[in-house]
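S.K.: Here it is, the structure in full.
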Amino acid sequence: MTKPDAPGAAADTLTGGPRRRRVRTSVPLPLLLPGTAALAFLLLPLVALLVRAPWSSLPSLLTSTEVWQALQLSLLSATAATAVSLVLGVPLAWLLARTEFPGRGFVRALVTLPLVLPPVVGGVALLLALGRNGVVGQWLDAWFGITLPFTTAGVVVAESFVAMPFLVISVEGTLRAADPRYEEAATTLGASRFTAFRRVTLPLIAPGIAAGAVLAWARALGEFGATITFAGNFPGRTQTMPLAVYLALQNDPEAAIALSLVLLTVSIAVLAGLRDRWMTAS
């Protein structure tokens, strides 16, 4: 006479395998203390920002002319930088993920360099490249009369420089995860490579493009170093929200806190929107 199955055996059979059970483990004190200290270290400045926020005067601060100009310029320039990143970054991500060429690894390293490059150094590099006496900027000025530094267009260029790698990395990762056989099947049916990319690949990688665009937009919105170096800090023309925070901190701390709250809200919204992609459920 055989033994009856264990109580969970039938359920394991129906679900295709044993259930994953949560194991409770004791936390060693040498890990608990520094881990808790790290959490407090990261949260304390944010809590202080909320505690010291001038909630009663917040509406008037956010509707002042200077703050509104910075908000409007930041939103417009970040959106324009994201559009530039999409137009240029998606094809670059496809080249890195789908084609083989000499030095591809080196090119990928160069693409990700702005992620670790100090933003001020990026601004100096942009000045040397696109400034009025820059390697390319001198020809833009002489031939077309185009001057990018210390203009609103310069803000978009600086933000695109630091934000585009986020989109390229996100889209390239999505492309590598997507099955290339769908593209190959489309080409064998007579579609060109571009048609296959437009009709097959883009719908497949749309979530990755959306996630990369949101990350690029948030990074562009918070850009400071490259913007102030390459575009300056002129109210109404190149002064974005991070620059306005820096300036207001010296003259009007309450306005600086109000602008910081706006940037904090945007950052939280971005993390909430990307939670399913970047975080795992506990």
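Ordering of the structure tokens sets the chain letters (A, B, ...); residue numbers start at 1 within each chain; ligands are numbered from 1 in the order shown.
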So that I can check the surroundings of stretch 173-182 of chain A, please list as a ChimeraX atom specification every protein, DNA and RNA residue that reaches within 8 Å of it, counting only C-alpha atoms and ignoring chain neighbours fewer than 3 positions away.

M.R.: /A:93-94,97-98,169-170,185-186,200-201,204-205,208

S.K.: Using DSSP secondary structure from the backbone, list all alpha helix (DSSP H) positions within stretch 57-244 of chain A, as a VMD selection string.

M.R.: chain A and resid 58 to 62 65 to 98 104 to 116 119 to 130 137 to 139 152 to 177 181 to 188 193 to 196 202 to 221 225 to 230 241 to 244

S.K.: For A:Leu263, which of A:Gly145, A:Pro102, A:Gly222, A:Gly89 is the closest residue, counting only C-alpha atoms?

M.R.: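 Among the listed residues, the smallest separation from A:Leu263 belongs to A:Gly222.
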
S.K.: Nearest to A:Thr240: which of A:Ala142, A:Leu86, A:Leu259, A:Ala272 is it, counting only C-alpha atoms?

M.R.: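 Of A:Ala142, A:Leu86, A:Leu259, A:Ala272, the one nearest A:Thr240 is A:Leu259, counting only C-alpha atoms.
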
S.K.: What lies within 12 Å of A:Phe166 using only C-alpha atoms, ignoring chain neighbours under 3 positions off, as a ChimeraX atom specification?

M.R.: /A:82,85-86,89-90,93,111-116,159-163,169-173,208-220

S.K.: Rounded to one decimal place, report the atom CA of A:Ser192-atom CA of A:Val84 distance in Å.

M.R.: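 Spanning atom CA of A:Ser192 to atom CA of A:Val84 is a straight-line distance of 25.1 Å.
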